[in-house]
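Quick notes on the structure that follows.
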Amino acid sequence: MIPAEQALAQVFALVTPLATEEVELPRLAGRVLRAPVTAQRDQPPFPASAMDGYAVSTDTNSYRVIGEAAAGHAFAGRLTAGEAVRIFTGAPVPDGADRVIIQEDVTRTGDQITLTHPLDAALHIRAQGSDFKAGDQISAPRRLRPVELALLAAMNCPRATVSRRPDVAIIATGDELVMPGETPRPDQIIASNAFALKAMAEAEGARARILPIAHDTEASLRAVLELAADADLIVTIGGASVGDHDLVGPVVDAMGASRAFYKVAMRPGKPLMAGRLGQALLLGLPGNPVSSIVCGHLFMRPALRAMQGLGAYPMQTATAALERDLPANGPRTHYMRASLGPGGTIAPHPNQDSALLGVLCQADALLIHPAGDGARKAGEQMRYIPL
Ligand SMILES: Nc1nc2c(c(=O)[nH]1)N[C@H]1C(S)=C(S)[C@@H](COP(=O)(O)OP(=O)(O)OC[C@H]3O[C@@H](n4cnc5c(N)ncnc54)[C@H](O)[C@@H]3O)O[C@H]1N2
Ligand code: MOO
């Protein structure tokens with residue numbers, strides 16, 4: 001058994017960032033930017049009015065209105081003292097104007113306006129380039145959130161260089177499994193883990209497919225693994241332990257896999273294995289539902305991020321105060337299904353059986369109890385991974 005941190009470092013060592021591609025703006029959501037993007041213009045490209053009102057040149061009490069400036073329709077002339085231009089939010093502030101008076105602060109009669117309130121401290125003018133200037137950059141790498149798409153658009157950048165999306169092939173193994181909607185025999189269960197892992201991979205920006213369930217024969221497993229030959233990441237589920245029907249290790253070995261490790265000092269997830277199979281990274285996850293999903297969080301998600309060029313980082317942790325005492329831990333780091341409470345507390349669920357999807361469903365955190373750590377008292381700060 002190797003420590004979980006070492007296992008993750010070995011997974012990262014197996015990852016090479018994927019190639020990049022140019023993608024059009026409407027399809028960039030969630031993609032990982034790999035090359036900086038440079039603004040093509042200032043924003044705003046001119047001093048812009050922040051309010052509806054009147055642009056004026058000097059501070060006096062009344063002005064003559066000589067024209068109008070609306071968004072998309074600049075006023076062509078220049079203001080002199082005692083003149084005002086009717087202006088609307090987003091319009092270019094005319095030359096010669098140095099403030100905008102909001103319309104609520106004046107009365108208008110014909111082409112005359114008169115101040116009815118003291119002038120605001122604010123000038124209500126957005127300086128040219130106050131959001132960004134031509135040449136400013138969006139740095140890479142970074143995940144493109146909705147707001148970055150708006151920024152790219154505002155910078156007049158209609159496409160960007162992003163990582164290719166990782167192709168993930170997910171293989172459930174075991175004669176006991178049937179797909180949801182099928183009719184199981186009394187000694188069978190429904191394959192569930194692959195659906196969580198597919199959703200997790202997709203949330204990390206991957207394209208994921210669930211392959212046919214591999215039966216507990218070497219031939220069946222090999223045939224399904226061959227269907228995954230073009231994937232960037234192959235995730236197998238189950239068949240990882242030491243039982244007579246746990247075939248993943250022997251079959252991938254026979255197919256020429258280079259296995260980096262097998263067995264990690266973590267709970268759940270001890271029988272995790274990782275290596276390379278052909279061009280793909282291979283993650284062999286344990287079959288217990290909670291074990292496979294926890295391994296998905298701890299290993300698959302960081303590996304997918306690293307593949308997309310985001311660097312080699314474990315999942316982020318936070319700290320919270322234990323709600324009740326925790327007994328000493330054994331030799332494996334325990335990732336405990338836990339619930340966060342109001343006021344920054346955390347409570348591990350009383351039943352940590354790695355078969356219980358229902359418990360994981362109730363949890364919003366994995367409380368990390370390090371390998372060999374002693375008993376902890378209520379109130380002590382512990383690290384956790386938010387789910
Ligand atoms: N003698 C030992 N037995 C076991 C050990 C050990 O060290 N010595 N380790 C245990 C641990 S820890 C785990 S975790 C499990 C993992 O074993 P496998 O990866 O071989 O998983 P399976 O035996 O195939 O399945 C375990 C469990 O999960 C169910 N399963 C499998 N795949 C799915 C799926 N896609 N969807 C839903 N449920 C699934 C399967 O039916 C079993 O109930 O081994 C322990 N044993
Ligand atoms: O370590 Mo296994 O993954 O608990 O059930």
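Letters A, B, ... mark the chains of the structure tokens in the order given; residue numbers begin at 1 per chain; ligand numbers begin at 1, in order shown.
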Check: Got a sec: who's within 9 Å of range 27-32 of chain A, counting only C-alpha atoms, leaving out chain neighbours fewer than 4 positions off, as a ChimeraX atom specification?
Finding: /A:23,140-146,148-149,159-165,203-205,305,308-310
Could you give me, as a CSV table (one decimal) with C-alpha atoms, in the first residue's frame, the residues within 7 Å of Ala321 in chain A, counting only C-alpha atoms and dropping anything in the same chain fewer than 2 positions from it?
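Output contents, as saved in result-v1.csv:
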chain,number,residue,atom,x,y,z
A,323,GLU,CA,-19.2,18.1,15.9
A,344,GLY,CA,-18.5,25.7,10.4
A,345,THR,CA,-19.0,22.3,12.0
A,346,ILE,CA,-18.6,18.9,10.4
A,379,GLY,CA,-14.3,21.2,18.4
A,380,GLU,CA,-11.0,20.3,16.8
A,381,GLN,CA,-10.4,21.6,13.3
A,382,MET,CA,-10.3,18.9,10.6
Next item on the list: Kindly compile the residues surrounding ligand 1 within 6 Å, counting only C-alpha atoms and all ligand atoms, and format them as a ChimeraX atom specification.
Entry: /A:172-174,191-194,237-242,246,269-270,286-289,291
Note to self: Measuring between only C-alpha atoms and all ligand atoms, which one of A:Arg34, A:Arg78, A:Arg332, A:Arg64 shows the shortest distance to ligand 2?
What the structure shows: A:Arg332
Notebook entry, point to check: What does the distance between CA of Thr38 in chain A and CA of Gly311 in chain A come to in Å, to one decimal place?
Noted result: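 These two atoms are separated by 22.3 Å.
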Item checked: Who sits within 7 Å of Pro44 in chain A, only C-alpha atoms, same chain under 6 positions skipped, as a list in words ->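 Residues meeting the cut-off are Gln128, Gly129, Ser130 and Asp131 of chain A.
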File dump, residues just selected, N, CA and C atoms, as a PDB file, in the first residue's frame:
ATOM      1  N   GLN A 128     -12.745  55.872 -20.423  1.00  0.00           N
ATOM      2  CA  GLN A 128     -12.358  54.954 -21.503  1.00  0.00           C
ATOM      3  C   GLN A 128     -11.373  53.921 -20.957  1.00  0.00           C
ATOM      4  N   GLY A 129     -11.606  52.648 -21.266  1.00  0.00           N
ATOM      5  CA  GLY A 129     -10.690  51.582 -20.836  1.00  0.00           C
ATOM      6  C   GLY A 129     -10.757  51.281 -19.354  1.00  0.00           C
ATOM      7  N   SER A 130     -11.812  51.745 -18.668  1.00  0.00           N
ATOM      8  CA  SER A 130     -11.852  51.504 -17.218  1.00  0.00           C
ATOM      9  C   SER A 130     -12.158  50.038 -16.895  1.00  0.00           C
ATOM     10  N   ASP A 131     -12.767  49.288 -17.813  1.00  0.00           N
ATOM     11  CA  ASP A 131     -12.956  47.843 -17.596  1.00  0.00           C
ATOM     12  C   ASP A 131     -11.685  47.123 -18.043  1.00  0.00           C
TER      13      ASP A 131
END
Notebook entry, point to check: Pick from A:Pro45, A:Pro331, A:Gly135, A:Pro314: nearest to ligand 2, with only C-alpha atoms and all ligand atoms counted?
Noted result: A:Pro331
Next item on the list: Find, counting only C-alpha atoms, the residue in A:Ala70, A:Ser57, A:Lys133, A:Thr114 that gets nearest to Asp95 in chain A.
Entry: A:Ser57
Checklist line | Separation of CA of Ala355 in chain A from CA of Arg276 in chain A in Å | finding: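 Between these atoms lies a distance of 27.8 Å.
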Item checked: Of the listed residues A:Leu357, A:Leu8, A:Ala265, A:Ala312, that which approaches ligand 2 most closely, counting only C-alpha atoms and all ligand atoms ->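 Among A:Leu357, A:Leu8, A:Ala265, A:Ala312, it is A:Ala265 that comes nearest to ligand 2.
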Next item on the list: Can you work out which one of A:Met315, A:Val11, A:Ala4, A:Ile101 has the shortest atom-to-atom distance to ligand 2, counting only C-alpha atoms and all ligand atoms?
Entry: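 For ligand 2, the nearest of the candidates is A:Ala4.
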Check: So which residues touch Gln137 in chain A within 10 Å, counting only C-alpha atoms, skipping near sequence neighbours fewer than 6 positions away, as a PyMOL selection string?
Finding: chain A and resi 35-40+152+155
Convert the current residue selection to file output with C-alpha atoms, as a PDB file, in the first residue's frame.
ATOM      1  CA  ALA A  35      -3.247  30.348 -24.498  1.00  0.00           C
ATOM      2  CA  PRO A  36      -3.773  33.888 -23.207  1.00  0.00           C
ATOM      3  CA  VAL A  37      -6.359  36.001 -25.004  1.00  0.00           C
ATOM      4  CA  THR A  38      -5.614  39.649 -25.823  1.00  0.00           C
ATOM      5  CA  ALA A  39      -8.250  42.384 -25.792  1.00  0.00           C
ATOM      6  CA  GLN A  40      -8.653  43.954 -29.222  1.00  0.00           C
ATOM      7  CA  LEU A 152     -13.918  37.314 -24.341  1.00  0.00           C
ATOM      8  CA  MET A 155     -12.750  41.986 -25.921  1.00  0.00           C
TER       9      MET A 155
END
Next item on the list: May I ask for the distance between CA of Asp105 in chain A and CA of Tyr54 in chain A, given in Å to one decimal place?
Entry: 9.8 Å
Margin query: When you count only C-alpha atoms, which of these residues is closest to Thr60 in chain A: A:Arg99, A:Lys263, A:His124, A:Arg324?
Written below: A:Arg99
Margin query: Residues of range 214-386 of chain A classed as strand (DSSP E) by DSSP on the backbone are to be reported as a PyMOL selection string.
Written below: chain A and resi 233-237+258-262+266-267+273-277+280-285+318-322+333-341+345-348+365-369+381-386
Next item on the list: Please return as a PyMOL selection string: the residues of range 79-311 of chain A that backbone DSSP assigns to alpha helix (DSSP H).
Entry: chain A and resi 146-154+193-203+218-227+248-254+289-295+301-307
Those selected residues, please, written with N, CA and C atoms and delivered as a compact mmCIF listing (two decimals), in the first residue's frame.
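Wrote it out as out-v2.txt, contents follow:
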# COMPACT_ATOMS: atom_id res chain seq x y z
N PRO A 146 -18.90 31.11 -17.29
CA PRO A 146 -19.74 32.01 -18.09
C PRO A 146 -19.19 33.43 -18.14
N VAL A 147 -18.68 33.94 -17.03
CA VAL A 147 -18.23 35.33 -17.02
C VAL A 147 -17.05 35.54 -17.97
N GLU A 148 -16.16 34.53 -18.09
CA GLU A 148 -15.03 34.69 -19.00
C GLU A 148 -15.51 34.73 -20.46
N LEU A 149 -16.61 34.02 -20.75
CA LEU A 149 -17.15 34.07 -22.11
C LEU A 149 -17.63 35.48 -22.44
N ALA A 150 -18.27 36.12 -21.47
CA ALA A 150 -18.71 37.50 -21.70
C ALA A 150 -17.50 38.42 -21.87
N LEU A 151 -16.44 38.17 -21.08
CA LEU A 151 -15.24 39.01 -21.19
C LEU A 151 -14.58 38.83 -22.56
N LEU A 152 -14.48 37.57 -23.01
CA LEU A 152 -13.92 37.31 -24.34
C LEU A 152 -14.72 38.05 -25.41
N ALA A 153 -16.03 37.97 -25.29
CA ALA A 153 -16.88 38.63 -26.28
C ALA A 153 -16.63 40.13 -26.26
N ALA A 154 -16.62 40.73 -25.05
CA ALA A 154 -16.42 42.17 -24.94
C ALA A 154 -15.07 42.58 -25.50
N ASN A 193 -22.48 2.75 -10.51
CA ASN A 193 -21.32 3.62 -10.35
C ASN A 193 -20.95 4.38 -11.62
N ALA A 194 -21.10 3.71 -12.75
CA ALA A 194 -20.66 4.32 -14.01
C ALA A 194 -21.39 5.63 -14.27
N PHE A 195 -22.64 5.70 -13.82
CA PHE A 195 -23.42 6.91 -14.12
C PHE A 195 -22.90 8.11 -13.33
N ALA A 196 -22.50 7.85 -12.09
CA ALA A 196 -21.89 8.95 -11.30
C ALA A 196 -20.57 9.36 -11.92
N LEU A 197 -19.76 8.37 -12.30
CA LEU A 197 -18.43 8.70 -12.83
C LEU A 197 -18.53 9.42 -14.17
N LYS A 198 -19.50 9.02 -14.99
CA LYS A 198 -19.70 9.72 -16.27
C LYS A 198 -20.06 11.18 -16.02
N ALA A 199 -20.98 11.40 -15.08
CA ALA A 199 -21.40 12.77 -14.78
C ALA A 199 -20.23 13.58 -14.22
N MET A 200 -19.43 12.94 -13.36
CA MET A 200 -18.27 13.65 -12.78
C MET A 200 -17.27 14.01 -13.87
N ALA A 201 -17.02 13.08 -14.79
CA ALA A 201 -16.06 13.34 -15.86
C ALA A 201 -16.57 14.47 -16.75
N GLU A 202 -17.87 14.43 -17.05
CA GLU A 202 -18.43 15.49 -17.91
C GLU A 202 -18.36 16.84 -17.22
N ALA A 203 -18.59 16.85 -15.90
CA ALA A 203 -18.50 18.12 -15.17
C ALA A 203 -17.07 18.67 -15.19
N GLU A 218 -11.89 -13.38 -18.67
CA GLU A 218 -10.80 -12.60 -19.25
C GLU A 218 -11.15 -12.15 -20.65
N ALA A 219 -11.81 -13.02 -21.42
CA ALA A 219 -12.12 -12.69 -22.81
C ALA A 219 -13.08 -11.51 -22.88
N SER A 220 -14.10 -11.53 -22.02
CA SER A 220 -15.09 -10.45 -22.04
C SER A 220 -14.44 -9.13 -21.65
N LEU A 221 -13.65 -9.16 -20.59
CA LEU A 221 -13.02 -7.93 -20.12
C LEU A 221 -12.07 -7.38 -21.18
N ARG A 222 -11.30 -8.26 -21.78
CA ARG A 222 -10.36 -7.84 -22.80
C ARG A 222 -11.11 -7.22 -23.99
N ALA A 223 -12.21 -7.87 -24.38
CA ALA A 223 -12.98 -7.36 -25.54
C ALA A 223 -13.50 -5.96 -25.25
N VAL A 224 -13.99 -5.72 -24.04
CA VAL A 224 -14.53 -4.38 -23.74
C VAL A 224 -13.38 -3.37 -23.63
N LEU A 225 -12.27 -3.78 -23.03
CA LEU A 225 -11.11 -2.87 -22.93
C LEU A 225 -10.62 -2.49 -24.33
N GLU A 226 -10.71 -3.42 -25.27
CA GLU A 226 -10.25 -3.10 -26.63
C GLU A 226 -11.14 -2.04 -27.28
N LEU A 227 -12.42 -2.01 -26.87
CA LEU A 227 -13.32 -0.97 -27.39
C LEU A 227 -12.89 0.42 -26.92
N VAL A 248 -9.39 -7.52 -13.31
CA VAL A 248 -8.89 -6.33 -14.02
C VAL A 248 -7.37 -6.31 -14.05
N GLY A 249 -6.73 -6.52 -12.89
CA GLY A 249 -5.26 -6.48 -12.83
C GLY A 249 -4.62 -7.46 -13.80
N PRO A 250 -4.95 -8.78 -13.68
CA PRO A 250 -4.33 -9.75 -14.59
C PRO A 250 -4.60 -9.45 -16.07
N VAL A 251 -5.82 -9.00 -16.40
CA VAL A 251 -6.13 -8.78 -17.82
C VAL A 251 -5.37 -7.58 -18.37
N VAL A 252 -5.34 -6.47 -17.62
CA VAL A 252 -4.60 -5.30 -18.16
C VAL A 252 -3.10 -5.62 -18.21
N ASP A 253 -2.61 -6.41 -17.25
CA ASP A 253 -1.20 -6.81 -17.32
C ASP A 253 -0.94 -7.61 -18.61
N ALA A 254 -1.84 -8.55 -18.89
CA ALA A 254 -1.67 -9.38 -20.09
C ALA A 254 -1.77 -8.53 -21.36
N PRO A 289 -19.78 1.00 -4.48
CA PRO A 289 -20.21 2.28 -5.05
C PRO A 289 -19.52 3.49 -4.41
N VAL A 290 -19.46 3.53 -3.10
CA VAL A 290 -18.84 4.71 -2.47
C VAL A 290 -17.34 4.75 -2.79
N SER A 291 -16.71 3.57 -2.80
CA SER A 291 -15.27 3.53 -3.09
C SER A 291 -15.00 4.10 -4.48
N SER A 292 -15.80 3.69 -5.45
CA SER A 292 -15.52 4.15 -6.82
C SER A 292 -15.76 5.65 -6.94
N ILE A 293 -16.80 6.16 -6.30
CA ILE A 293 -17.10 7.59 -6.43
C ILE A 293 -16.07 8.43 -5.66
N VAL A 294 -15.68 7.96 -4.48
CA VAL A 294 -14.65 8.69 -3.72
C VAL A 294 -13.33 8.71 -4.53
N CYS A 295 -12.97 7.58 -5.12
CA CYS A 295 -11.76 7.55 -5.97
C CYS A 295 -11.93 8.47 -7.18
N ARG A 301 -10.94 13.19 -11.05
CA ARG A 301 -11.15 14.62 -11.32
C ARG A 301 -9.82 15.37 -11.42
N PRO A 302 -8.88 15.21 -10.47
CA PRO A 302 -7.59 15.90 -10.64
C PRO A 302 -6.85 15.46 -11.91
N ALA A 303 -6.96 14.16 -12.27
CA ALA A 303 -6.27 13.70 -13.48
C ALA A 303 -6.86 14.37 -14.72
N LEU A 304 -8.18 14.51 -14.77
CA LEU A 304 -8.81 15.16 -15.93
C LEU A 304 -8.41 16.63 -16.01
N ARG A 305 -8.28 17.27 -14.85
CA ARG A 305 -7.84 18.67 -14.85
C ARG A 305 -6.41 18.77 -15.38
N ALA A 306 -5.55 17.87 -14.89
CA ALA A 306 -4.15 17.89 -15.34
C ALA A 306 -4.08 17.63 -16.85
N MET A 307 -4.90 16.70 -17.36
CA MET A 307 -4.91 16.42 -18.80
C MET A 307 -5.26 17.65 -19.61
Checklist line | Near-range 175-189 of chain A list (8 Å; only C-alpha atoms; drop same-chain fewer than 3 positions) as a ChimeraX atom specification | finding: /A:192,213-216
Can you write out the residues you just picked, keeping C-alpha atoms, as a CSV table (one decimal), in the first residue's frame?
chain,number,residue,atom,x,y,z
A,192,SER,CA,-24.9,2.3,-10.7
A,213,ILE,CA,-20.7,-4.3,-18.9
A,214,ALA,CA,-17.7,-6.7,-18.9
A,215,HIS,CA,-18.5,-10.2,-17.7
A,216,ASP,CA,-16.2,-12.0,-15.2
